[in-house]
$ cat work.cif   # mmCIF, C-alpha atoms
data_upload
loop_
_atom_site.label_atom_id
_atom_site.label_comp_id
_atom_site.auth_asym_id
_atom_site.auth_seq_id
_atom_site.Cartn_x
_atom_site.Cartn_y
_atom_site.Cartn_z
CA MET H 3 -255.21 14.04 -133.10
CA ALA H 4 -256.47 15.22 -136.44
CA ASP H 5 -253.93 16.69 -138.79
CA PRO H 6 -254.00 20.49 -138.41
CA GLN H 7 -253.71 20.76 -142.20
CA LEU H 8 -257.22 19.36 -142.48
CA GLN H 9 -258.88 22.60 -141.50
CA GLY H 10 -260.77 25.31 -143.31
CA GLU H 11 -260.94 24.51 -147.03
CA ASP H 12 -259.89 20.90 -146.50
CA LEU H 13 -262.58 20.36 -143.88
CA LYS H 14 -265.16 21.77 -146.29
CA ALA H 15 -263.77 19.50 -149.01
CA VAL H 16 -264.35 16.47 -146.76
CA THR H 17 -267.98 17.51 -146.43
CA ASP H 18 -268.18 18.09 -150.19
CA LEU H 19 -266.80 14.63 -150.93
CA ARG H 20 -269.23 12.96 -148.55
CA ASP H 21 -272.11 14.89 -150.13
CA ALA H 22 -270.89 14.07 -153.66
CA HIS H 23 -270.71 10.40 -152.69
CA ASP H 24 -274.32 10.43 -151.47
CA ARG H 25 -275.53 12.23 -154.60
CA ILE H 26 -273.67 9.87 -156.95
CA VAL H 27 -275.09 6.82 -155.17
CA ALA H 28 -278.59 8.28 -155.39
CA GLN H 29 -278.15 8.92 -159.13
CA LEU H 30 -276.83 5.40 -159.73
CA HIS H 31 -279.82 3.87 -157.99
CA ASN H 32 -282.08 5.59 -160.52
CA VAL H 33 -280.74 3.05 -163.00
CA VAL H 34 -278.96 0.25 -161.08
CA VAL H 35 -280.68 -1.80 -158.39
CA GLY H 36 -278.70 -2.85 -155.31
CA GLN H 37 -274.94 -3.50 -155.66
CA GLU H 38 -274.21 -1.16 -152.72
CA GLN H 39 -270.86 -2.76 -151.92
CA VAL H 40 -269.77 -2.75 -155.57
CA ILE H 41 -270.70 0.94 -155.91
CA GLU H 42 -268.87 1.79 -152.69
CA GLN H 43 -265.70 0.02 -153.83
CA LEU H 44 -265.87 1.65 -157.27
CA LEU H 45 -266.09 5.13 -155.73
CA ILE H 46 -263.27 4.36 -153.29
CA SER H 47 -260.99 3.34 -156.17
CA ILE H 48 -261.86 6.47 -158.18
CA PHE H 49 -261.24 8.91 -155.33
CA ALA H 50 -258.07 7.02 -154.35
CA LYS H 51 -256.81 7.53 -157.92
CA GLY H 52 -256.91 3.83 -158.77
CA HIS H 53 -258.28 1.46 -161.39
CA ALA H 54 -260.82 -1.29 -160.79
CA LEU H 55 -261.57 -4.71 -162.28
CA LEU H 56 -265.19 -5.93 -161.96
CA VAL H 57 -265.54 -9.71 -162.08
CA GLY H 58 -268.96 -11.33 -162.42
CA VAL H 59 -271.10 -13.55 -164.60
CA PRO H 60 -272.99 -11.99 -167.54
CA GLY H 61 -276.16 -10.05 -166.89
CA LEU H 62 -275.23 -8.43 -163.56
CA ALA H 63 -275.17 -4.87 -164.96
CA LYS H 64 -271.39 -4.42 -164.74
CA THR H 65 -271.23 -2.45 -167.99
CA LEU H 66 -274.42 -0.53 -167.18
CA LEU H 67 -273.05 0.43 -163.76
CA ILE H 68 -269.80 1.82 -165.19
CA ARG H 69 -271.56 3.68 -168.00
CA THR H 70 -274.05 5.18 -165.53
CA LEU H 71 -271.23 6.17 -163.18
CA ALA H 72 -269.58 7.98 -166.09
CA ASP H 73 -272.87 9.81 -166.72
CA THR H 74 -272.76 11.24 -163.17
CA MET H 75 -269.44 12.93 -163.95
CA SER H 76 -268.70 15.59 -166.55
CA LEU H 77 -265.84 13.58 -168.03
CA LYS H 78 -264.94 12.14 -171.40
CA PHE H 79 -266.03 8.50 -171.49
CA SER H 80 -264.69 5.80 -173.82
CA ARG H 81 -265.87 2.20 -174.14
CA ILE H 82 -263.46 -0.33 -175.62
CA GLN H 83 -264.93 -3.73 -176.48
CA PHE H 84 -262.07 -6.20 -176.12
CA THR H 85 -262.14 -8.91 -178.79
CA PRO H 86 -259.58 -11.50 -180.00
CA ASP H 87 -258.73 -9.42 -183.10
CA LEU H 88 -258.15 -6.15 -181.22
CA MET H 89 -254.67 -4.70 -181.80
CA PRO H 90 -252.65 -2.46 -179.43
CA SER H 91 -252.92 0.46 -181.86
CA ASP H 92 -256.72 0.11 -181.74
CA ILE H 93 -256.43 1.19 -178.10
CA THR H 94 -253.56 3.65 -177.99
CA GLY H 95 -253.79 5.15 -181.47
CA THR H 96 -251.44 5.13 -184.43
CA GLU H 97 -249.24 7.38 -186.53
CA VAL H 98 -250.34 8.05 -190.10
CA LEU H 99 -248.50 9.79 -192.92
CA GLN H 100 -250.36 12.91 -194.01
CA GLU H 101 -249.62 15.35 -196.81
CA ASP H 102 -250.16 19.08 -196.49
CA ARG H 103 -252.11 19.99 -199.66
CA THR H 104 -250.76 23.55 -199.59
CA THR H 105 -247.04 22.82 -199.26
CA GLY H 106 -246.95 19.22 -200.43
CA LYS H 107 -244.94 18.37 -197.32
CA ARG H 108 -245.52 14.98 -195.75
CA GLU H 109 -245.32 14.30 -192.03
CA PHE H 110 -246.45 11.74 -189.51
CA LYS H 111 -249.42 12.67 -187.37
CA PHE H 112 -250.54 10.73 -184.30
CA LEU H 113 -254.22 9.87 -184.26
CA HIS H 114 -255.46 9.40 -180.70
CA GLY H 115 -257.05 6.09 -179.84
CA PRO H 116 -259.96 5.52 -177.43
CA ILE H 117 -257.56 5.38 -174.46
CA PHE H 118 -257.47 9.20 -174.61
CA ALA H 119 -260.45 9.77 -172.33
CA ASN H 120 -261.03 10.22 -168.60
CA ILE H 121 -263.06 7.10 -167.89
CA ILE H 122 -262.18 3.98 -169.86
CA LEU H 123 -264.57 1.03 -169.85
CA ALA H 124 -262.47 -1.98 -170.86
CA ASP H 125 -265.32 -4.39 -171.53
CA GLU H 126 -264.50 -8.12 -171.25
CA ILE H 127 -260.80 -7.36 -170.97
CA ASN H 128 -259.80 -11.03 -170.90
CA ARG H 129 -261.11 -11.67 -174.43
CA THR H 130 -258.08 -10.08 -176.09
CA PRO H 131 -254.54 -11.55 -176.31
CA PRO H 132 -251.85 -10.55 -173.76
CA LYS H 133 -250.06 -8.35 -176.33
CA THR H 134 -253.13 -6.14 -176.59
CA GLN H 135 -253.83 -6.29 -172.85
CA ALA H 136 -250.30 -4.99 -172.31
CA ALA H 137 -251.13 -1.88 -174.31
CA LEU H 138 -252.94 -0.67 -171.20
CA LEU H 139 -249.96 -1.08 -168.86
CA GLU H 140 -248.18 2.20 -169.57
CA ALA H 141 -251.43 4.16 -169.63
CA MET H 142 -252.60 2.74 -166.30
CA GLN H 143 -249.29 3.21 -164.50
CA GLU H 144 -247.71 6.29 -166.10
CA HIS H 145 -250.85 7.98 -167.48
CA GLN H 146 -249.17 8.35 -170.85
CA VAL H 147 -248.86 6.59 -174.20
CA THR H 148 -245.62 6.13 -176.16
CA ALA H 149 -245.97 6.01 -179.94
CA GLY H 150 -243.34 6.63 -182.61
CA GLY H 151 -240.81 7.48 -179.91
CA ARG H 152 -242.97 10.31 -178.54
CA LEU H 153 -244.81 10.59 -175.24
CA HIS H 154 -248.46 11.56 -175.29
CA LYS H 155 -249.86 12.54 -171.89
CA LEU H 156 -253.35 11.44 -170.93
CA GLU H 157 -255.80 13.99 -169.62
CA GLN H 158 -256.49 13.89 -165.88
CA PRO H 159 -258.36 12.44 -164.08
CA PHE H 160 -257.84 9.07 -165.73
CA PHE H 161 -259.04 5.68 -164.58
CA VAL H 162 -259.69 2.32 -166.19
CA LEU H 163 -262.74 0.32 -165.12
CA ALA H 164 -262.61 -3.15 -166.64
CA THR H 165 -265.08 -6.04 -166.66
CA GLN H 166 -264.33 -9.74 -166.79
CA ASN H 167 -266.43 -12.92 -167.03
CA PRO H 168 -265.04 -15.56 -164.63
CA ILE H 169 -266.92 -18.62 -165.91
CA GLU H 170 -266.34 -18.65 -169.66
CA GLN H 171 -262.78 -19.79 -170.40
CA GLU H 172 -262.96 -20.74 -174.09
CA GLY H 173 -261.57 -17.94 -176.24
CA THR H 174 -260.29 -15.96 -173.28
CA TYR H 175 -256.80 -14.97 -172.15
CA PRO H 176 -256.32 -14.75 -168.36
CA LEU H 177 -254.83 -11.43 -167.29
CA PRO H 178 -251.11 -11.73 -166.48
CA GLU H 179 -250.15 -10.98 -162.87
CA ALA H 180 -248.40 -7.75 -163.94
CA GLN H 181 -251.59 -6.55 -165.59
CA GLN H 182 -253.78 -7.49 -162.62
CA ASP H 183 -251.44 -5.68 -160.24
CA ARG H 184 -252.21 -2.38 -162.03
CA PHE H 185 -255.77 -2.62 -160.76
CA MET H 186 -256.21 -1.21 -157.29
CA PHE H 187 -259.36 -3.29 -156.68
CA ASN H 188 -260.64 -6.62 -157.91
CA ILE H 189 -264.38 -6.28 -157.23
CA ASN H 190 -266.67 -9.30 -157.09
CA VAL H 191 -270.10 -8.61 -158.58
CA ASP H 192 -272.58 -11.12 -157.12
CA TYR H 193 -276.16 -12.07 -157.89
CA PRO H 194 -278.94 -9.80 -156.55
CA ASP H 195 -281.11 -10.98 -153.67
CA GLU H 196 -284.77 -11.84 -154.25
CA ASN H 197 -286.16 -8.38 -153.49
CA GLU H 198 -283.55 -6.69 -155.70
CA GLU H 199 -284.24 -9.12 -158.54
CA MET H 200 -287.96 -8.41 -158.27
CA GLN H 201 -287.26 -4.67 -158.57
CA ILE H 202 -284.98 -5.30 -161.57
CA MET H 203 -287.75 -7.24 -163.30
CA LYS H 204 -290.23 -4.39 -162.74
CA MET H 205 -287.81 -1.73 -164.01
CA THR H 206 -286.44 -3.52 -167.06
CA THR H 207 -289.67 -4.99 -168.43
CA ALA H 208 -291.65 -1.73 -168.37
CA THR H 209 -291.28 1.70 -169.93
CA TYR H 210 -289.23 3.12 -167.02
CA ARG H 211 -286.07 4.99 -168.06
CA GLY H 212 -283.92 6.21 -165.23
CA GLN H 213 -282.45 9.70 -165.58
CA VAL H 214 -278.96 10.55 -164.33
CA GLU H 215 -277.58 14.03 -163.61
CA ASN H 216 -273.97 15.23 -163.50
CA VAL H 217 -272.60 15.52 -159.97
CA LEU H 218 -268.86 16.17 -160.38
CA ASP H 219 -266.51 17.55 -163.01
CA GLY H 220 -262.86 16.72 -163.64
CA ALA H 221 -261.37 19.65 -161.69
CA LYS H 222 -263.36 18.79 -158.58
CA ILE H 223 -262.47 15.10 -158.80
CA LEU H 224 -258.77 16.01 -158.94
CA ARG H 225 -259.14 18.21 -155.84
CA LEU H 226 -260.94 15.44 -153.98
CA GLN H 227 -258.28 12.90 -154.99
CA GLU H 228 -255.63 15.19 -153.49
CA LEU H 229 -257.72 15.55 -150.34
CA VAL H 230 -257.78 11.78 -149.86
CA ARG H 231 -253.97 11.69 -149.76
CA LYS H 232 -253.96 14.36 -147.02
CA VAL H 233 -256.04 12.27 -144.64
CA PRO H 234 -253.87 11.50 -141.57
CA ILE H 235 -253.14 7.92 -140.60
CA SER H 236 -251.40 6.76 -137.43
CA GLU H 237 -248.27 4.64 -137.60
CA HIS H 238 -249.86 1.62 -135.92
CA ILE H 239 -252.62 1.57 -138.58
CA ILE H 240 -249.93 1.65 -141.29
CA LYS H 241 -248.19 -1.31 -139.60
CA TYR H 242 -251.54 -3.10 -139.38
CA ALA H 243 -252.10 -2.64 -143.13
CA MET H 244 -248.58 -3.82 -143.92
CA GLN H 245 -249.12 -7.09 -142.07
CA PHE H 246 -251.74 -8.22 -144.57
CA ALA H 247 -249.22 -8.08 -147.39
CA ARG H 248 -246.14 -9.17 -145.44
CA LEU H 249 -247.80 -12.27 -143.97
CA THR H 250 -248.55 -13.62 -147.46
CA ARG H 251 -244.87 -13.83 -148.45
CA LEU H 252 -243.37 -17.29 -148.35
CA ASN H 253 -239.86 -16.01 -147.51
CA ASN H 254 -241.09 -14.14 -144.45
CA PRO H 255 -240.30 -16.15 -141.28
CA GLN H 256 -243.29 -14.53 -139.55
CA THR H 257 -245.77 -15.88 -142.10
CA PRO H 258 -247.91 -18.56 -140.38
CA GLU H 259 -247.38 -22.09 -141.65
CA GLU H 260 -251.12 -22.36 -142.34
CA ILE H 261 -250.83 -19.49 -144.82
CA LYS H 262 -247.57 -20.76 -146.38
CA ARG H 263 -249.23 -24.12 -146.96
CA LEU H 264 -251.93 -22.52 -149.10
CA LEU H 265 -250.06 -19.93 -151.16
CA ALA H 266 -247.94 -20.09 -154.30
CA TRP H 267 -247.26 -16.35 -154.32
CA GLY H 268 -247.78 -13.41 -151.99
CA ALA H 269 -248.51 -9.70 -152.26
CA GLY H 270 -245.94 -6.94 -152.82
CA PRO H 271 -245.64 -3.44 -151.35
CA ARG H 272 -248.21 -2.05 -153.81
CA ALA H 273 -250.86 -3.99 -151.89
CA SER H 274 -250.01 -2.08 -148.70
CA GLN H 275 -250.07 1.22 -150.58
CA TYR H 276 -253.53 0.50 -151.97
CA LEU H 277 -254.79 -0.70 -148.60
CA ILE H 278 -253.83 2.64 -147.06
CA LEU H 279 -255.14 4.77 -149.94
CA GLY H 280 -258.38 2.78 -150.09
CA ALA H 281 -258.83 3.11 -146.34
CA LYS H 282 -258.25 6.87 -146.54
CA ALA H 283 -260.84 7.24 -149.31
CA ARG H 284 -263.35 5.11 -147.38
CA ALA H 285 -262.85 7.20 -144.25
CA VAL H 286 -263.60 10.45 -146.07
CA LEU H 287 -266.56 8.96 -147.94
CA ASN H 288 -267.95 8.05 -144.52
CA GLY H 289 -267.45 11.58 -143.19
CA ARG H 290 -264.24 10.99 -141.22
CA TYR H 291 -260.77 12.42 -141.68
CA TYR H 292 -258.85 9.74 -139.86
CA VAL H 293 -258.27 6.09 -140.77
CA SER H 294 -259.39 3.22 -138.54
CA GLY H 295 -258.71 -0.50 -138.56
CA ASP H 296 -262.25 -1.00 -139.86
CA ASP H 297 -261.32 0.99 -142.98
CA ILE H 298 -258.38 -1.33 -143.64
CA ARG H 299 -260.50 -4.45 -143.15
CA ALA H 300 -263.21 -3.06 -145.44
CA VAL H 301 -260.84 -2.85 -148.43
CA VAL H 302 -258.54 -5.81 -147.77
CA HIS H 303 -260.51 -8.28 -149.92
CA PRO H 304 -260.65 -6.23 -153.16
CA VAL H 305 -257.00 -5.18 -152.72
CA LEU H 306 -255.52 -8.63 -151.99
CA ARG H 307 -257.93 -10.86 -153.94
CA HIS H 308 -255.88 -10.70 -157.15
CA ARG H 309 -252.46 -10.24 -155.54
CA ILE H 310 -252.17 -13.57 -153.75
CA ILE H 311 -252.15 -16.85 -155.65
CA PRO H 312 -253.42 -20.03 -153.95
CA ASN H 313 -251.41 -23.15 -154.74
CA PHE H 314 -252.63 -26.53 -155.96
CA SER H 315 -253.09 -27.74 -152.40
CA ALA H 316 -255.47 -24.88 -151.61
CA GLU H 317 -257.38 -25.36 -154.86
CA ALA H 318 -257.76 -29.07 -154.11
CA GLU H 319 -259.34 -28.14 -150.78
CA GLY H 320 -261.65 -25.61 -152.43
CA ILE H 321 -259.86 -22.69 -150.77
CA ASN H 322 -259.64 -19.48 -152.78
CA SER H 323 -257.91 -16.17 -152.07
CA ASP H 324 -260.95 -14.76 -150.23
CA VAL H 325 -260.85 -17.63 -147.72
CA ILE H 326 -257.14 -17.02 -147.14
CA ILE H 327 -257.81 -13.30 -146.60
CA ASP H 328 -260.53 -14.18 -144.07
CA ARG H 329 -257.99 -16.25 -142.16
CA LEU H 330 -255.50 -13.38 -142.19
CA ILE H 331 -258.14 -11.03 -140.77
CA GLN H 332 -258.67 -13.50 -137.91
CA MET H 333 -254.93 -14.02 -137.31
CA ILE H 334 -253.69 -10.41 -137.34
CA PRO H 335 -254.42 -8.58 -134.08
CA ARG H 336 -257.04 -5.90 -134.70
CA ALA H 337 -255.86 -2.30 -134.78
CA ASP H 338 -258.21 0.53 -133.92
CA SER H 339 -257.65 4.25 -134.22
CA GLU H 340 -256.25 6.24 -131.39
CA THR H 341 -258.81 8.21 -129.41
CA LEU H 342 -259.27 11.37 -131.41
CA ALA H 343 -260.92 14.57 -130.27
CA ASP H 344 -264.16 14.58 -132.28
CA THR H 345 -262.64 14.08 -135.73
CA ARG H 346 -266.00 13.01 -137.12
CA LEU H 347 -267.90 15.57 -139.09
CA PRO H 348 -271.05 17.07 -137.56
CA GLY H 349 -274.17 15.05 -138.20
CA VAL H 350 -272.31 11.79 -139.05
CA SER H 351 -273.08 8.88 -136.81
CA LYS H 352 -270.74 6.02 -136.08
#
$ encode --input "work.cif" --output "structure tokens"
Amino acid sequence: MADPQLQGEDLKAVTDLRDAHDRIVAQLHNVVVGQEQVIEQLLISIFAKGHALLVGVPGLAKTLLIRTLADTMSLKFSRIQFTPDLMPSDITGTEVLQEDRTTGKREFKFLHGPIFANIILADEINRTPPKTQAALLEAMQEHQVTAGGRLHKLEQPFFVLATQNPIEQEGTYPLPEAQQDRFMFNINVDYPDENEEMQIMKMTTATYRGQVENVLDGAKILRLQELVRKVPISEHIIKYAMQFARLTRLNNPQTPEEIKRLLAWGAGPRASQYLILGAKARAVLNGRYYVSGDDIRAVVHPVLRHRIIPNFSAEAEGINSDVIIDRLIQMIPRADSETLADTRLPGVSK
């Protein structure tokens, strides 16, 4: 049954979140054509309090999508262009020695870097060396920056949306596994279909300028993020989510030999956490306040894609992490929600 806590104000908040989702999507489509799945996964990661990495070839509107998404929210936005000469202090900020002209006293003052914003666009994140990439680790995990032995808290909400070009390897620095693990989702941005590309040509080669309106502010986003964590989930759905991570570990005797043969490294517990949080956010965005097996399956690719590492044997066979995830979906017995007494919101179809 539905959690009794999800009544009254919480029930209204579910409706508000679904409505906000629809309004944000409508605003984005004033500027961005198609990319429905990418937009959905971006919104899931934001409302689940996670970060997202968008991977796609140049020219697919990754940067435009993130900038437009920021325009739909009354939040401070910061774009950081990652380049080979970027230093950690260029991201986090630095301490400078300043003199008080009145007293003549000198003291160190911390000057905030561009990381001190609500939405961070880390553009082409793999173009900067690992030392600079690591400057994001503390901010992404702890939501704080340490400089000169002092902690500087980041304003909430805070999320990093990064872009990466997968085809150009010269002059790039692949993200270390520890850095990739900080991203809740690894989102593939694919080419548009023919009809979408035709619409893009019409929009971008004429005088059309899409207008975007604010939909949410920071306080409301924080309330909606808390709502997502309240969404009830049954124990058998939790166990179902855990199997996707557990069956990628080579030291697990239950891992199928077919999977062991293809993997060099498996996913840790953070993958299961993000599967559950992503499924909760997806459920609410679809007007439900319970989690189903479909919600888990809908987010398993972006959650696991960068957390499992195919070995040389898999690469020789042309098998990537997405193919391995597809096989896991087929192997793991499907889990569906318990029969709930009308936990779907009024007016929402299945």
$ closest_residue --input "work.cif" --among "H:Met244, H:Ile46, H:Leu163, H:Val301" --to "Ile117 (chain H)" --atoms "only C-alpha atoms"
H:Leu163
$ atom_distance --input "work.cif" --atom1 "CA of Asn128 (chain H)" --atom2 "CA of Ala318 (chain H)"
24.7 Å
$ resolve_selection --input "work.cif" --expression "the PyMOL selection byres ((chain H and resi 76-87) around 7)" --output "list in words"
Ala72, Thr74, Met75, Leu88, Met89, Pro116, Ala119, Asn120, Ile121, Ile122, Leu123, Ala124, Asp125, Glu126, Ile127, Arg129, Thr130, Pro131, Asn216, Leu218, Asp219 and Gly220 of chain H
$ residues_around --input "work.cif" --residues "Glu196 (chain H)" --least-positions-apart "5" --cutoff "12 Å" --atoms "all atoms listed in the file" --output "list in words"
Val35, Gly36, Gln201, Ile202 and Met203 of chain H
$ atom_distance --input "work.cif" --atom1 "CA of Ala22 (chain H)" --atom2 "CA of Gly289 (chain H)"
11.3 Å
$ closest_residue --input "work.cif" --among "H:Leu19, H:Ala269, H:Ala149, H:Leu45" --to "Leu229 (chain H)" --atoms "all atoms listed in the file"
H:Leu19
$ closest_residue --input "work.cif" --among "H:Lys232, H:Lys204, H:Lys222, H:Arg152" --to "Val286 (chain H)" --atoms "all atoms listed in the file"
H:Lys232
$ residues_near_point --input "work.cif" --point "(-264.0, -11.5, -148.5)" --cutoff "8 Å" --atoms "all atoms listed in the file" --output "compact mmCIF listing (two decimals) with C-alpha atoms, in the frame of the given file"
# COMPACT_ATOMS: atom_id res chain seq x y z
CA VAL H 302 -258.54 -5.81 -147.77
CA HIS H 303 -260.51 -8.28 -149.92
CA PRO H 304 -260.65 -6.23 -153.16
CA ASP H 324 -260.95 -14.76 -150.23
CA VAL H 325 -260.85 -17.63 -147.72
CA ILE H 327 -257.81 -13.30 -146.60
CA ASP H 328 -260.53 -14.18 -144.07
$ atom_distance --input "work.cif" --atom1 "CA of Arg184 (chain H)" --atom2 "CA of Lys262 (chain H)"
24.6 Å
$ resolve_selection --input "work.cif" --expression "the PyMOL selection byres ((chain H and resi 55) around 7)" --output "PyMOL selection string"
chain H and resi 54+56-57+163-165+185+187-189
$ resolve_selection --input "work.cif" --expression "the PyMOL selection byres ((chain H and resi 25) around 12)" --output "list of chain:residue names"
H:Asp18, H:Leu19, H:Arg20, H:Asp21, H:Ala22, H:His23, H:Asp24, H:Ile26, H:Val27, H:Ala28, H:Gln29, H:Leu30, H:His31, H:Asn32, H:Leu45, H:Leu71, H:Thr74, H:Met75, H:Val214, H:Glu215, H:Asn216, H:Val217, H:Leu218, H:Leu287
$ axis_aligned_box --input "work.cif" --around "region 25-37 of chain H" --padding-each-side "3 Å" --output "lines of an AutoDock Vina configuration file"
center_x = -277.9
center_y = 4.4
center_z = -158.8
size_x = 14.4
size_y = 21.7
size_z = 14.4
$ closest_residue --input "work.cif" --among "H:Ala221, H:Val16, H:Ile68, H:Ile326" --to "Asn313 (chain H)" --atoms "all atoms listed in the file"
H:Ile326
$ residues_around --input "work.cif" --residues "Pro271 (chain H)" --least-positions-apart "6" --cutoff "10 Å" --atoms "all atoms listed in the file" --output "PyMOL selection string"
chain H and resi 244+247-248+277
$ closest_residue --input "work.cif" --among "H:Ala266, H:Leu156, H:Leu139, H:Val305" --to "Gln181 (chain H)" --atoms "only C-alpha atoms"
H:Leu139
$ closest_residue --input "work.cif" --among "H:Gln182, H:Ile235, H:Pro194, H:Glu259" --to "Leu306 (chain H)" --atoms "all atoms listed in the file"
H:Gln182
$ residues_near_point --input "work.cif" --point "(-255.3, -28.4, -148.9)" --cutoff "12 Å" --atoms "only C-alpha atoms" --output "list of chain:residue names"
H:Glu260, H:Ile261, H:Lys262, H:Arg263, H:Leu264, H:Leu265, H:Pro312, H:Asn313, H:Phe314, H:Ser315, H:Ala316, H:Glu317, H:Ala318, H:Glu319, H:Gly320, H:Ile321, H:Asn322, H:Ile326
